[in-house]
Amino acid sequence: MSNAREKKRAKKMRNQPASVTLAPPTSEPHPSPAQRCNVGSRPLQPQQQADLCPETSEQYQQQRLPHPSPGPSNRKEQYFTKGQSKGERGRGRGGWQGGRRGISQEMPKFITASTFAQARAAEISAMVKAVAQKSSNSLVFQTLPRHMRRRAMSHNVKRLPRRLRETARKEDLSYYCCLELKGKEEELLKVLARMCSKDTGPTFAAVPCLSGRHQGSLVLYQADRYPEDLLGPITFIWKPKVGCGLGSENRQLWIWMHPTLKQDILTELKAVFKCSEPVVTCIPETVTALPHEEEPTDVTRSIGKKRKREDKEGEKTVPVKKIIGDGTRDPLKSYCWTSQNTGIVISDLTMEILRYRLVGPFSHCVLTEALSAALVQTEMADAETELNSWWVENCRKSEGLSLHLHQKNIFELLQGISSPAELPAGTILGLTVGDPRVNLPKKRLKAMPNPEKYQDIEKVAQLTLEGVPVECAHSFIWDQTVCKNVTENKLPEQDLNRMRSELLVPGSRLDLGPWESKIPILLVQQPGKVAGEDRPGWGSGWDIYLPKGWGMAFWIPFIYQGVRVGGLQEALKHSEYKRIPHIPDDYPDCPAGIQFAKELESSLFEKFKRRPPAKRANYVKLGTLTPFFCPWEQLTQDWEERNKTQGESTCMSEVKRCVTEKQAHNDPQPIVVTESSHETSQMEENMEMTCSQGNVITEILNKGQDLGKKNKVVASNCFIVLRSTELLKQLSAWCQPTSGRGWRGRTASRQGKKEMTEDVLLPIFKCYPRALVWVTFSLLRKGTPELHTMVCIPTKEDFLRLSEDKLFCGPEEPKHSDIFKHKIVKLKERKKKKDGGKILESAASSSLNANAVEEQKNLILGLWSDPLPDVTSHCSRILLGFVTRGDFSLADGCGEALGFVSLTGLLHMLPSQPEDKKGFVLLRTPGSRQYRFARLTIEV
């Protein structure tokens, strides 16, 4: 065996058990017990032989031949143990020498079951982990052999093998889910009001949204739990009212959410509406039943070959499958729940309604080029079919016909708009279009606006100012009966292609006449970037709602009009440029966000352990406590403790000042103030005694108590994310510089904002002691922020150096000492001694070994072990928050980041900063000691 192969063999066999005793060859005498125990990787001392070599002991070393054949002379000695002789160095730990076995082929006579089982268990665990671990960036269904791949695997998990379904279910969860609520408007609004708050913005009862004219968005909480127990963000659409009905009429509401939020929101909705599952579960059929299937077939003729159905003309046909749900929902389970008290019905319409999103300034051009309004049809194509029966009935009514023509005119007006951002945010337009497959161009084009095509400037200006009328927001897509008719009577692709091949002029437009399908759709405008002052309307576009079964029919025409497809990574980057939180990454206070953070931490930790120790970053020396996750809970808790400590000292100084002023102006009697008391109640009593005549401190506390009662003071141990619109506007104004180059000449008083005084800050501290604020960061100079970048508070010396040196990027964190390295070295030495057989297997030693193993799991070189110290004061700069997403922005030409900071820490930082440097912070990536200046902004 070559030298390289033997080294590889020795490396593989290093974890093999060393407690196996093999039978010696028949030509040699049996060794004595002492000899049997003395063979091994290292000679034992006499005292050790006395302890380990009795006949009753279960510790035996693997016996080797007394005179093995020498191996090649060019083998390096550092690959073998110290106690091996020159002859023994010719074979590896498995007993190989010179390409043949140097030990007996007989079965071993003695074996230690515990050690042997541990070695096999370690091998099995490593094998299972290697098999289960994903080793490529491809999706699960892309890792299968080509003969097993199916297109339906990308959206139907049940097409995959059972062992891969769980992993695939976690992946392309890119389909947004829809829940439908039906019932009286009063009952719906009464219950839904408990799950949201006006403090965060418009609710379900907003007038533009309630009329069905605009789409709304908000964040849901558990009932009566605001601002705690977040469920997640959602968008919603009300079905337009039929007429001027009262509030008691039945309404229809669609709620759209991310798949990771669906189960939590659905459970809460069923609880607050007191809905129970229906007794009878509807089980839809999977395949349509054709009339000729009931005819008897010749069994003998069908044996040994596949059978295919034949129609009346003798052509081979394939049964048409009905689409059920999203492919992951069990058809045997209920998807509709009813309330016995109020009659409200909750339905799960996931994948019953498809939704595409077109982003960009030319998205309306794609719609007008790829789609065309349906033609008026007053006669049925065939008396035996139900194709377009609902459309014929609508066109026969004068009201329905006039409404369709009005919607068609508004849809054509979109050609005169330069960007979707010109329309009011969330505008809804209902429409019925023809089959988009007949409008395919000969080759792929790029849809562009054509101002000369439609020059009615007055109507276009009226549309951009007033939006779409309420009656034009109506669509037949709200009617499930119509959607079912449209899905089941879709013209198959094979029939459409056959008709194209029969055209007299190849490539001309195919006219289906009354056989052309009519599809109800819903167009919803997406406003894009609405917060902040830069890039308004960036990322605007349209959402298209379609009945199920028509996804590919609309997908291909969009591609032919120049649409480029994006996935989850593009959606993440899109939200980053819009500076809005991404679901569920940037919602750390909801269950889906917490689960995402745990999975991300586990993934980054496993990636860290796969690296060799010499190639890992030592985060302990870098001063990085948590490189793989953001400790939001501990960050807010530490800032709460710091605020209490500073608040007590501030209050006591104010009490002294009040006492001094009172003695000087009003009453010369001395008043004793107890400074040793640290309890809040005792402090309030002392302040009331000293400031009994209406001092400022008492008024501050009263204001804080009133505000706390009004906003339900958060007194629990969990943190929250601040979403109060008014308070965020106030914080945004405070973070802007009031002098210097970045000042715009608008002070806080001119804007109608309050100044940062104690009577304003103390109520905020009392109401939101453990809150986070969503902020954006822009680096002043070079640098690219990364995931889990630390946000810190600059010192006065940092601002001084920045003022003196314009090229100063930021300070540098001093190198920390690794306090865990000595413990890890000791554990390694203890493990080596254990492997060498110097630790007895007694009850006491077993407990010590168990503690050592548990300690070794927690101690990893380069990482800080639990529990963590104070995260705010661990480094030379006080920690303020963390970055959740960061990269170099091509739009601004500098590094940008998004993340959260502590509200308490932010309010402590802003008053101490210079007027021309308000909102300046320091960013430091987990793998670097270099701080870099960045500007903090809050966009509302």
# chains A, B, ... in the order shown; residues from 1 in each chain; ligands from 1

call {"tool": "closest_atom_pairs", "arguments": {"of": "segment 479-527 of chain A", "to": "segment 192-215 of chain A", "cutoff": "12 Å", "atoms": "only C-alpha atoms", "output": "CSV"}}
result
residue,atom,partner,partner_atom,distance
A:Leu522,CA,A:Gln215,CA,11.4
A:Leu523,CA,A:Gln215,CA,10.5
A:Val524,CA,A:Gln215,CA,7.3
A:Gln525,CA,A:Gln215,CA,8.3
A:Gln526,CA,A:Gln215,CA,8.9
A:Pro527,CA,A:Gln215,CA,10.5

call {"tool": "closest_atom_pairs", "arguments": {"of": "segment 529-560 of chain A", "to": "segment 580-595 of chain A", "cutoff": "12 Å", "atoms": "only C-alpha atoms", "output": "CSV"}}
result
residue,atom,partner,partner_atom,distance
A:Lys529,CA,A:Ile580,CA,8.3
A:Val530,CA,A:Ile580,CA,9.8
A:Ala531,CA,A:Ile580,CA,8.7
A:Gly532,CA,A:Ile580,CA,10.7
A:Trp538,CA,A:Ile580,CA,12.0
A:Gly539,CA,A:Ile580,CA,11.5

call {"tool": "write_last_selection", "arguments": {"atoms": "N, CA and C atoms", "output": "compact mmCIF listing (two decimals), in the first residue's frame"}}
result
# COMPACT_ATOMS: atom_id res chain seq x y z
N LYS A 529 -42.06 52.51 -2.61
CA LYS A 529 -41.47 53.17 -1.44
C LYS A 529 -42.29 54.41 -1.11
N VAL A 530 -42.89 54.43 0.06
CA VAL A 530 -43.71 55.56 0.49
C VAL A 530 -43.11 56.27 1.69
N ALA A 531 -42.22 55.63 2.44
CA ALA A 531 -41.61 56.27 3.61
C ALA A 531 -40.31 56.95 3.20
N GLY A 532 -39.97 57.98 3.94
CA GLY A 532 -38.74 58.69 3.65
C GLY A 532 -38.92 59.76 2.59
N TRP A 538 -40.32 54.26 -5.61
CA TRP A 538 -39.43 53.23 -6.16
C TRP A 538 -40.01 51.85 -5.85
N GLY A 539 -40.02 50.97 -6.86
CA GLY A 539 -40.53 49.61 -6.67
C GLY A 539 -42.03 49.50 -6.82

call {"tool": "atom_distance", "arguments": {"atom1": "atom CA of His788 of chain A", "atom2": "atom CA of Val219 of chain A"}}
result
24.8 Å

call {"tool": "residues_around", "arguments": {"residues": "Arg396 of chain A", "least_positions_apart": "4", "cutoff": "12 Å", "atoms": "only C-alpha atoms", "output": "PyMOL selection string"}}
result
chain A and resi 376-380+389-392+400-402+404

call {"tool": "residues_around", "arguments": {"residues": "segment 908-924 of chain A", "least_positions_apart": "2", "cutoff": "6 Å", "atoms": "only C-alpha atoms", "output": "list in words"}}
result
Cys735, Gln736, Pro737, Thr738, Ser739, Gly740, Thr789, Met790, Val791, Cys792, Ile793, Pro794, Gly905, Leu906, Tyr931, Arg932, Phe933, Ala934, Arg935 and Leu936 of chain A

call {"tool": "closest_residue", "arguments": {"among": "A:Gly430, A:Pro631, A:Gly886, A:Pro108", "to": "Ser575 of chain A", "atoms": "only C-alpha atoms"}}
result
A:Gly886

call {"tool": "residues_around", "arguments": {"residues": "Phe820 of chain A", "least_positions_apart": "2", "cutoff": "8 Å", "atoms": "only C-alpha atoms", "output": "MDAnalysis selection string"}}
result
chainID A and resid 818 822:824 859 861 864

call {"tool": "write_last_selection", "arguments": {"atoms": "all heavy atoms", "output": "CSV table (one decimal), in the first residue's frame"}}
result
chain,number,residue,atom,x,y,z
A,818,ASP,N,-8.9,36.0,25.4
A,818,ASP,CA,-9.7,34.8,25.3
A,818,ASP,C,-9.6,34.1,26.6
A,818,ASP,O,-8.7,33.4,27.0
A,818,ASP,CB,-9.2,33.9,24.2
A,818,ASP,CG,-10.2,32.8,23.9
A,818,ASP,OD1,-11.2,32.6,24.7
A,818,ASP,OD2,-10.1,32.1,22.9
A,822,HIS,N,-7.9,28.7,28.0
A,822,HIS,CA,-7.2,27.8,29.0
A,822,HIS,C,-8.1,26.6,29.4
A,822,HIS,O,-7.6,25.5,29.5
A,822,HIS,CB,-6.8,28.6,30.2
A,822,HIS,CG,-6.1,27.9,31.3
A,822,HIS,ND1,-4.9,27.3,31.1
A,822,HIS,CD2,-6.5,27.5,32.6
A,822,HIS,CE1,-4.5,26.7,32.2
A,822,HIS,NE2,-5.4,26.8,33.1
A,823,LYS,N,-9.4,26.9,29.5
A,823,LYS,CA,-10.3,25.8,29.9
A,823,LYS,C,-10.4,24.8,28.7
A,823,LYS,O,-10.5,23.6,29.0
A,823,LYS,CB,-11.7,26.4,30.1
A,823,LYS,CG,-11.8,27.3,31.4
A,823,LYS,CD,-13.2,27.8,31.6
A,823,LYS,CE,-13.2,28.7,32.8
A,823,LYS,NZ,-14.6,29.2,33.1
A,824,ILE,N,-10.4,25.3,27.5
A,824,ILE,CA,-10.5,24.3,26.4
A,824,ILE,C,-9.3,23.5,26.3
A,824,ILE,O,-9.4,22.3,26.0
A,824,ILE,CB,-10.8,25.1,25.1
A,824,ILE,CG1,-12.1,25.8,25.1
A,824,ILE,CG2,-10.7,24.2,23.9
A,824,ILE,CD1,-12.4,26.7,23.9
A,859,LEU,N,-18.2,24.9,25.5
A,859,LEU,CA,-17.0,25.6,25.2
A,859,LEU,C,-16.5,25.3,23.8
A,859,LEU,O,-16.1,24.1,23.5
A,859,LEU,CB,-15.9,25.3,26.2
A,859,LEU,CG,-16.1,25.8,27.7
A,859,LEU,CD1,-15.0,25.4,28.5
A,859,LEU,CD2,-16.3,27.3,27.7
A,861,LEU,N,-13.8,26.9,20.8
A,861,LEU,CA,-12.7,27.9,20.7
A,861,LEU,C,-13.2,29.0,19.7
A,861,LEU,O,-13.6,28.7,18.6
A,861,LEU,CB,-11.5,27.2,20.1
A,861,LEU,CG,-10.2,28.1,20.0
A,861,LEU,CD1,-9.8,28.6,21.3
A,861,LEU,CD2,-9.1,27.4,19.2
A,864,TRP,N,-18.1,32.8,22.6
A,864,TRP,CA,-18.4,33.1,24.0
A,864,TRP,C,-19.4,32.1,24.5
A,864,TRP,O,-20.4,31.8,23.9
A,864,TRP,CB,-18.9,34.5,24.1
A,864,TRP,CG,-18.9,35.0,25.6
A,864,TRP,CD1,-19.8,34.7,26.5
A,864,TRP,CD2,-18.0,35.8,26.2
A,864,TRP,NE1,-19.5,35.2,27.7
A,864,TRP,CE2,-18.4,36.0,27.5
A,864,TRP,CE3,-16.8,36.4,25.7
A,864,TRP,CZ2,-17.6,36.7,28.4
A,864,TRP,CZ3,-16.1,37.2,26.6
A,864,TRP,CH2,-16.5,37.3,27.9
